[in-house]
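Below: work-v5.cif (mmCIF, C-alpha atoms)
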```cif
data_data
loop_
_atom_site.label_atom_id
_atom_site.label_comp_id
_atom_site.auth_asym_id
_atom_site.auth_seq_id
_atom_site.Cartn_x
_atom_site.Cartn_y
_atom_site.Cartn_z
CA MET A 1 0.00 0.00 0.00
CA SER A 2 1.56 3.26 -1.06
CA PRO A 3 0.92 6.68 0.44
CA ALA A 4 -1.79 8.60 -1.37
CA LEU A 5 -0.07 11.94 -1.16
CA GLU A 6 3.54 12.88 -0.76
CA ARG A 7 4.06 16.56 -0.16
CA ILE A 8 7.66 17.75 -0.14
CA LEU A 9 8.35 21.14 1.38
CA THR A 10 11.42 22.81 -0.06
CA PRO A 11 14.31 23.46 2.27
CA SER A 12 14.80 26.85 3.81
CA VAL A 13 16.61 29.29 1.53
CA ASN A 14 18.71 30.70 4.37
CA ARG A 15 20.75 27.51 4.60
CA PRO A 16 23.36 27.31 1.83
CA PRO A 17 24.41 23.85 0.71
CA ARG A 18 27.79 22.83 2.06
CA LEU A 19 29.28 21.87 -1.30
CA GLU A 20 32.11 23.44 -3.24
CA PRO A 21 31.38 26.72 -5.06
CA ALA A 22 29.61 26.39 -8.40
CA GLU A 23 32.44 28.09 -10.29
CA ALA A 24 34.86 25.34 -9.20
CA THR A 25 32.53 22.41 -9.95
CA PRO A 26 30.22 21.93 -12.94
CA PRO A 27 26.47 22.01 -12.10
CA ARG A 28 26.00 18.41 -13.26
CA VAL A 29 28.55 17.21 -10.70
CA LEU A 30 26.95 19.33 -7.97
CA ARG A 31 23.54 17.75 -8.65
CA ALA A 32 25.05 14.27 -8.54
CA ARG A 33 26.78 15.00 -5.22
CA ARG A 34 23.55 16.40 -3.75
CA GLU A 35 21.71 13.21 -4.70
CA GLU A 36 24.47 11.14 -3.05
CA ALA A 37 24.37 13.19 0.17
CA LEU A 38 23.66 11.21 3.31
CA ASN A 39 20.07 11.58 4.46
CA VAL A 40 19.41 11.47 8.18
CA PHE A 41 15.72 10.67 8.58
CA VAL A 42 13.78 12.12 11.51
CA ILE A 43 10.36 10.59 12.11
CA PHE A 44 7.80 13.11 13.37
CA THR A 45 6.11 11.84 16.53
CA SER A 46 5.19 14.97 18.50
CA VAL A 47 6.47 18.54 18.51
CA ASP A 48 8.61 18.52 21.68
CA VAL A 49 10.39 15.23 21.10
CA THR A 50 10.80 15.88 17.38
CA LEU A 51 12.60 19.17 18.16
CA GLN A 52 15.03 17.22 20.38
CA ALA A 53 15.45 14.58 17.67
CA LEU A 54 16.15 17.34 15.11
CA LYS A 55 18.95 18.70 17.32
CA GLU A 56 20.51 15.25 17.55
CA ALA A 57 20.07 14.65 13.82
CA GLY A 58 21.48 18.12 13.07
CA ASN A 59 24.69 17.32 14.95
CA LEU A 60 24.97 13.99 13.15
CA ALA A 61 24.19 15.44 9.70
CA HIS A 62 26.67 18.28 10.25
CA GLN A 63 29.46 15.82 11.14
CA LEU A 64 28.64 13.60 8.15
CA ASN A 65 28.04 16.50 5.73
CA GLY A 66 24.49 15.28 5.15
CA ARG A 67 20.98 16.67 5.32
CA ILE A 68 17.89 15.97 7.36
CA MET A 69 14.69 14.49 5.96
CA LEU A 70 11.85 15.21 8.38
CA VAL A 71 9.22 12.55 7.64
CA ALA A 72 5.64 12.99 8.83
CA PRO A 73 3.35 10.07 8.03
CA GLN A 74 -0.20 11.28 8.67
CA VAL A 75 -2.64 8.43 9.20
CA VAL A 76 -6.08 8.95 7.65
CA PRO A 77 -8.81 6.74 9.19
CA TYR A 78 -10.78 4.47 6.90
CA PRO A 79 -14.15 6.30 6.99
CA LEU A 80 -12.47 9.32 5.36
CA PRO A 81 -11.17 9.48 1.80
CA LEU A 82 -7.40 9.14 1.72
CA THR A 83 -7.00 12.57 0.14
CA SER A 84 -8.86 14.43 2.91
CA PRO A 85 -7.19 13.90 6.31
CA PRO A 86 -8.86 14.86 9.60
CA VAL A 87 -6.16 17.48 10.24
CA LEU A 88 -5.81 20.10 7.50
CA LEU A 89 -2.74 19.54 5.38
CA ASP A 90 -1.94 23.27 5.20
CA TRP A 91 -1.91 23.52 8.99
CA ASN A 92 0.46 20.55 9.23
CA GLU A 93 2.70 22.07 6.56
CA ARG A 94 3.03 25.35 8.46
CA ARG A 95 3.70 23.55 11.74
CA LEU A 96 6.36 21.29 10.22
CA ARG A 97 7.98 24.18 8.37
CA VAL A 98 8.38 26.04 11.68
CA ILE A 99 9.87 22.91 13.26
CA ALA A 100 12.25 22.40 10.32
CA ASN A 101 13.46 26.00 10.54
CA GLN A 102 14.77 25.22 14.04
CA SER A 103 17.47 23.04 12.47
CA ALA A 104 20.88 24.47 11.58
CA VAL A 105 21.29 21.91 8.78
CA GLU A 106 19.43 21.70 5.47
CA THR A 107 16.08 20.09 6.30
CA ILE A 108 13.54 18.75 3.83
CA VAL A 109 10.03 18.00 5.11
CA ARG A 110 7.99 15.16 3.62
CA ILE A 111 4.35 14.66 4.57
CA TYR A 112 2.71 11.36 3.67
CA LEU A 113 -1.02 10.67 3.84
CA CYS A 114 -1.43 6.97 4.48
CA ARG A 115 -3.62 4.34 6.10
CA ASP A 116 -0.78 2.53 7.87
CA ARG A 117 2.19 4.43 9.31
CA TRP A 118 4.55 1.44 9.26
CA GLN A 119 3.84 0.58 5.62
CA ALA A 120 4.51 4.19 4.60
CA LEU A 121 7.86 4.13 6.45
CA GLU A 122 8.79 0.77 4.90
CA ARG A 123 8.25 2.18 1.40
CA LEU A 124 10.12 5.41 2.13
CA LEU A 125 13.26 4.20 3.92
CA ARG A 126 16.02 2.56 1.95
CA PRO A 127 17.83 -0.39 3.53
CA HIS A 128 20.28 0.61 6.28
CA SER A 129 18.95 4.18 6.56
CA VAL A 130 20.04 6.40 9.43
CA VAL A 131 16.91 7.22 11.43
CA VAL A 132 16.43 9.41 14.50
CA VAL A 133 13.26 8.96 16.55
CA GLY A 134 12.37 11.19 19.50
CA GLY A 135 10.32 9.99 22.40
CA PRO A 136 9.60 10.58 26.08
CA LYS A 137 11.89 8.99 28.65
CA ARG A 138 9.91 6.24 30.38
CA TRP A 139 10.83 2.97 32.03
CA TRP A 140 8.05 1.17 30.12
CA PRO A 141 8.00 0.70 26.34
CA THR A 142 6.50 3.72 24.57
CA ARG A 143 5.08 3.98 21.07
CA GLU A 144 8.33 5.66 19.96
CA SER A 145 10.61 3.04 21.51
CA ARG A 146 8.56 0.27 19.87
CA LEU A 147 8.88 2.08 16.53
CA ALA A 148 12.66 2.37 17.03
CA SER A 149 12.90 -1.35 17.84
CA ARG A 150 10.85 -2.26 14.77
CA LEU A 151 13.06 -0.06 12.56
CA ARG A 152 16.19 -1.73 14.00
CA ARG A 153 14.74 -5.18 13.25
CA ALA A 154 14.11 -3.98 9.68
CA GLY A 155 17.85 -3.30 9.36
CA HIS A 156 18.04 0.47 9.87
CA GLN A 157 20.53 2.38 12.03
CA VAL A 158 18.29 3.97 14.66
CA ILE A 159 19.00 6.57 17.34
CA LEU A 160 16.30 6.99 19.97
CA THR A 161 16.52 10.38 21.68
CA GLU A 162 14.57 10.36 24.91
CA THR A 163 13.47 13.57 26.62
CA GLU A 164 12.08 14.10 30.09
#
```

What does the file become when written as C-alpha cells?
Amino acid sequence: MSPALERILTPSVNRPPRLEPAEATPPRVLRARREEALNVFVIFTSVDVTLQALKEAGNLAHQLNGRIMLVAPQVVPYPLPLTSPPVLLDWNERRLRVIANQSAVETIVRIYLCRDRWQALERLLRPHSVVVVGGPKRWWPTRESRLASRLRRAGHQVILTETE
C-alpha cells in the first residue's frame, strides 16, 4: 500500500548547501553530489520530542556532511477518503515548516497521507537508513521506543533520543 499523497516542502533558503562553489565544480557534478548526500531521517512523533530529535540529527548530519529528511506520516482513518485527512494539510505544513526551521542543517520535510504508518515508512526508507526517533523517557515501552525497535529489526541504524 503506497501513500496517497507525498508533499515535499522545499528546504529553507537561508541555509546554503555545504558543497564546493559552483564556479569550481560543474552544475552536473553538484547535482550528482547532492543526490548522493547522506540523508538522516527524523520521524515526526510529537512537537517537543521531534525538536530534540532534530537537534541530535542536526549534529549527526553536520558531522557527516548530510541533510535531514523530516518525515511525517499522517494516518487517515478508513471512513475518510485518503486525500482528505482529519487534520488540515496546510496547517500541518506550516507547523512542520516552523519545526524544520529550528534546524541548523538543510532540512527537507515530507508529509505522507497513508492508512498505515509502518507501511509508509517501509516504502520510504532505503535499507540501512540512518533514522532518528524522538520519544519521552519512560521505564516502560513507549510507542516511539517500539517504533525504534521495529526499525532496527528492519535493518536500519536507529537513534532513539529520549526527553524528560

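Among A:Ile159, A:Leu51, A:Ala154, A:Val131, the residue with the shortest atom-to-atom distance to A:Leu96, counting only C-alpha atoms, is A:Leu51.
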
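With distances taken over all atoms listed in the file, A:Ala57 is the one residue among A:Asp116, A:Arg152, A:Ala57, A:Val40 lying closest to A:Gln102.
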
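The space separating atom CA of A:Cys114 from atom CA of A:Glu162 comes to 26.2 Å.
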
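Nearest residue to A:Val42 among A:Lys55, A:Arg115, A:Arg123, A:Arg143 is A:Lys55, counting all atoms listed in the file.
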
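Residues lying within 9 Å of A:Ile99, counting all atoms listed in the file and ignoring same-chain neighbours fewer than 4 positions away, are Val47, Thr50, Leu51, Leu54, Arg94, Arg95 and Ser103 of chain A.
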
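The spacing separating atom CA of A:Val132 from atom CA of A:Ser145 amounts to 11.1 Å.
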
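When all atoms listed in the file are used to compute distances to A:Thr45, the closest of the residues A:Leu60, A:Leu151, A:Leu70, A:Leu124 turns out to be A:Leu70.
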
Exercise. Which residue, A:Thr107, A:Ser149, A:Asn39, A:Ser46, has the smallest gap to A:Val130 when you use all atoms listed in the file?
Worked result: A:Asn39

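Between atom CA of A:Val109 and atom CA of A:Arg97 lies a distance of 7.3 Å.
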
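Minimum distance to A:Pro77 across A:Trp140, A:Arg117, A:Asp48, A:Leu38 (counting only C-alpha atoms) occurs at A:Arg117.
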
Selection as a PDB file with C-alpha atoms, keeping the file's coordinate frame: residues within 7 Å of (18.3, -1.8, 6.5), counting all atoms listed in the file:
```pdb
ATOM      1  CA  ARG A 126      16.020   2.560   1.950  1.00  0.00           C
ATOM      2  CA  PRO A 127      17.830  -0.390   3.530  1.00  0.00           C
ATOM      3  CA  HIS A 128      20.280   0.610   6.280  1.00  0.00           C
ATOM      4  CA  SER A 129      18.950   4.180   6.560  1.00  0.00           C
ATOM      5  CA  ALA A 154      14.110  -3.980   9.680  1.00  0.00           C
ATOM      6  CA  GLY A 155      17.850  -3.300   9.360  1.00  0.00           C
ATOM      7  CA  HIS A 156      18.040   0.470   9.870  1.00  0.00           C
TER       8      HIS A 156
END
```
